[in-house]
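Asks: What follows is a single structure, and I will ask about it in a moment.
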Amino acid sequence: MNTVPHATSLRRAPVQRRSAERLTRILDACADLLDEVGYDALSTRAVALRAGVPIGSVYRFFGNKRQMADALAQRNLDRYAERVTERLEETGDAGWRRALDVVLDEYLAMKRTVPGFSLVDFGNQIPIGDRHAEPNHRMADRLTELLSGYLGRRPDDDLRRVFLVAVETADTLVQLAFRVDPEGDEKVIEEARELLRAYLGRVLD
């Protein structure tokens, strides 16, 4: 899947297929190196070497490694939204509890399997940009957009606030689960799921 990050996270958006494929290789290399060396030791030169592209190709898209990490976070969010949308289309009109399970399960799957996600996810551990670009606000915005129609609700400020509270809560508890167990402690995750069900049931039922 060659999802290209939103153009605002790039110096220059790829136009041709070859350029888009090169950007994908750069971001894949960035993700792999984040797992191997961490963010502090990450460099644009190392990414270029791993991706097999000239350093100038990296700078064509990104001014520095922070912009590259932000683009990776945006790609993660875009891919996450695609996966959630596909799962919801498969399940049909199964209600908000099923939607909650899809939203949480897809996040956990990405956290366990996607390179670089444990450090960057949607921007969590590398603060980038102003408040409106904070990862949990990005996530709340995207969930409001994705789920409002599925839930039969208007995508208004009230629904966004509900999702923001849910996202902040889930983020804290999922981080705890992965501190307890590198694969995510299932008992903590189930406690998080029950807490979210109780909160969302109060406002969505």
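To be explicit about the labels: the chains of the structure tokens are called A, B, and onward in the order shown, and within each one the residues are counted from 1, while ligands get numbers from 1 in the order they are shown.
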Please list as number ranges by chain every residue within 8 Å of A:Tyr80, counting only C-alpha atoms and excluding residues in the same chain fewer than 6 positions away.
Replies: A: 106-107, 110
Asks: Can you pull out the residues contacting A:Arg87? Cut-off 10 Å, using only C-alpha atoms, and skip same-chain residues under 3 positions away; I want them as JSON, numbers by chain.
Replies: {"A": [81, 82, 83, 84, 90, 91, 92, 99, 102, 103, 106]}
Asks: Compile the contact shell of A:Tyr150 as a PyMOL selection string: residues with an atom at most 10 Å away, counting only C-alpha atoms, same-chain residues fewer than 5 positions apart removed.
Replies: chain A and resi 85+88-89+92-96+99+145
Asks: Which of these residues is nearest to A:Cys30, using only C-alpha atoms: A:Asp205, A:Pro115, A:Ala13, A:Ala166?
Replies: A:Pro115
Asks: Would you mind reading off the distance between atom CA of A:Leu77 and atom CA of A:Met139, one decimal, in Å?
Replies: 7.5 Å
Asks: Which stretch 101-201 of chain A residues have any atom within 9 Å of an atom of stretch 33-41 of chain A, and for each, what is the nearest pair of atoms with distance in Å to one decimal, counting only C-alpha atoms, rows sorted by chain and number, as JSON lines?
Replies:
{"residue": "A:Pro115", "atom": "CA", "partner": "A:Asp35", "partner_atom": "CA", "distance": 6.5}
{"residue": "A:Gly116", "atom": "CA", "partner": "A:Asp35", "partner_atom": "CA", "distance": 5.2}
{"residue": "A:Phe117", "atom": "CA", "partner": "A:Asp35", "partner_atom": "CA", "distance": 8.3}
{"residue": "A:Ser118", "atom": "CA", "partner": "A:Asp35", "partner_atom": "CA", "distance": 7.8}
{"residue": "A:Leu119", "atom": "CA", "partner": "A:Leu34", "partner_atom": "CA", "distance": 7.1}
{"residue": "A:Val120", "atom": "CA", "partner": "A:Leu34", "partner_atom": "CA", "distance": 8.4}
{"residue": "A:Ile126", "atom": "CA", "partner": "A:Tyr39", "partner_atom": "CA", "distance": 8.4}
Asks: So that I can see what lies close to A:Ala69, please list as JSON, numbers by chain the residues with an atom at most 9 Å from it, counting only C-alpha atoms and leaving out residues fewer than 2 positions away in the same chain.
Replies: {"A": [27, 30, 31, 39, 64, 65, 66, 67, 71, 72, 73, 74, 120, 123, 126, 128]}
Asks: Just the selected residues (N, CA and C atoms), exported as an mmCIF file, in the first residue's frame, please.
Replies:
data_model
loop_
_atom_site.group_PDB
_atom_site.id
_atom_site.type_symbol
_atom_site.label_atom_id
_atom_site.label_comp_id
_atom_site.auth_asym_id
_atom_site.auth_seq_id
_atom_site.Cartn_x
_atom_site.Cartn_y
_atom_site.Cartn_z
ATOM 1 N N LEU A 27 10.140 6.795 3.532
ATOM 2 C CA LEU A 27 9.386 6.661 4.776
ATOM 3 C C LEU A 27 9.511 5.259 5.362
ATOM 4 N N CYS A 30 12.826 5.233 7.048
ATOM 5 C CA CYS A 30 12.718 6.009 8.286
ATOM 6 C C CYS A 30 12.088 5.167 9.386
ATOM 7 N N ALA A 31 11.008 4.456 9.065
ATOM 8 C CA ALA A 31 10.321 3.622 10.049
ATOM 9 C C ALA A 31 11.232 2.516 10.575
ATOM 10 N N TYR A 39 14.867 7.824 17.660
ATOM 11 C CA TYR A 39 14.730 9.112 16.981
ATOM 12 C C TYR A 39 15.993 9.971 17.095
ATOM 13 N N ASN A 64 14.192 18.310 7.274
ATOM 14 C CA ASN A 64 14.925 17.713 8.384
ATOM 15 C C ASN A 64 14.212 16.436 8.839
ATOM 16 N N LYS A 65 14.790 15.769 9.823
ATOM 17 C CA LYS A 65 14.223 14.491 10.258
ATOM 18 C C LYS A 65 12.901 14.683 10.999
ATOM 19 N N ARG A 66 12.686 15.825 11.587
ATOM 20 C CA ARG A 66 11.407 16.070 12.271
ATOM 21 C C ARG A 66 10.258 16.071 11.260
ATOM 22 N N GLN A 67 10.464 16.741 10.131
ATOM 23 C CA GLN A 67 9.438 16.745 9.087
ATOM 24 C C GLN A 67 9.207 15.336 8.538
ATOM 25 N N ALA A 71 5.707 13.239 8.646
ATOM 26 C CA ALA A 71 5.095 12.627 7.466
ATOM 27 C C ALA A 71 4.821 11.149 7.708
ATOM 28 N N LEU A 72 5.728 10.482 8.414
ATOM 29 C CA LEU A 72 5.508 9.079 8.747
ATOM 30 C C LEU A 72 4.294 8.940 9.664
ATOM 31 N N ALA A 73 4.173 9.832 10.641
ATOM 32 C CA ALA A 73 3.016 9.819 11.534
ATOM 33 C C ALA A 73 1.724 10.046 10.757
ATOM 34 N N GLN A 74 1.752 10.972 9.805
ATOM 35 C CA GLN A 74 0.558 11.228 8.994
ATOM 36 C C GLN A 74 0.217 10.022 8.135
ATOM 37 N N VAL A 120 6.625 6.624 16.897
ATOM 38 C CA VAL A 120 5.970 7.765 16.251
ATOM 39 C C VAL A 120 4.457 7.689 16.357
ATOM 40 N N GLY A 123 2.366 10.621 15.959
ATOM 41 C CA GLY A 123 3.127 11.792 16.346
ATOM 42 C C GLY A 123 3.342 11.902 17.846
ATOM 43 N N ILE A 126 7.015 12.519 19.490
ATOM 44 C CA ILE A 126 7.868 13.540 18.882
ATOM 45 C C ILE A 126 7.008 14.767 18.622
ATOM 46 N N ILE A 128 5.383 17.858 17.286
ATOM 47 C CA ILE A 128 5.611 18.570 16.030
ATOM 48 C C ILE A 128 4.454 19.527 15.794
#
Asks: Return the single residue from A:Lys187, A:Arg142, A:His137, A:Arg17 that is closest to A:Pro155, with distances computed using only C-alpha atoms.
Replies: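 Of all the options, A:Arg142 lies closest to A:Pro155.
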Asks: Which residue is closest to A:Asp28? Choose from A:Leu195, A:Ala109, A:Val114, A:Leu100 and count only C-alpha atoms.
Replies: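 Nearest candidate to A:Asp28 out of A:Leu195, A:Ala109, A:Val114, A:Leu100: A:Val114.
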Asks: Considering only C-alpha atoms, state which residue in the set A:Thr44, A:Leu196, A:Gly149, A:Glu186 is at the smallest distance from A:Leu164.
Replies: A:Leu196
Asks: Using only C-alpha atoms, which of A:Arg153, A:Leu204, A:Asp171, A:Arg161 sits nearest A:Asp141?
Replies: A:Arg161
Asks: If I take atom CA of A:Arg197 and atom CA of A:Arg97, how far is one from the other in Å, to one decimal?
Replies: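 Atom CA of A:Arg197 sits 7.0 Å away from atom CA of A:Arg97.
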Asks: Might you pull out every residue within 10 Å of A:Arg12, with only C-alpha atoms counted and same-chain residues fewer than 6 positions away left off, and present them as a list in words?
Replies: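 Neighbouring residues, sequence-local ones excluded: Tyr59, Arg60, Phe61 and Phe62 of chain A.
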Asks: Store the residues picked out above, limited to N, CA and C atoms, as a PDB file, in the first residue's frame.
Replies:
ATOM      1  N   TYR A  59      15.895  15.475   0.796  1.00  0.00           N
ATOM      2  CA  TYR A  59      15.683  16.908   1.020  1.00  0.00           C
ATOM      3  C   TYR A  59      14.674  17.513   0.036  1.00  0.00           C
ATOM      4  N   ARG A  60      14.406  16.809  -1.041  1.00  0.00           N
ATOM      5  CA  ARG A  60      13.359  17.284  -1.944  1.00  0.00           C
ATOM      6  C   ARG A  60      12.000  17.246  -1.235  1.00  0.00           C
ATOM      7  N   PHE A  61      11.830  16.259  -0.344  1.00  0.00           N
ATOM      8  CA  PHE A  61      10.558  16.107   0.367  1.00  0.00           C
ATOM      9  C   PHE A  61      10.588  16.698   1.778  1.00  0.00           C
ATOM     10  N   PHE A  62      11.751  16.648   2.443  1.00  0.00           N
ATOM     11  CA  PHE A  62      11.823  17.004   3.862  1.00  0.00           C
ATOM     12  C   PHE A  62      13.026  17.900   4.156  1.00  0.00           C
TER      13      PHE A  62
END
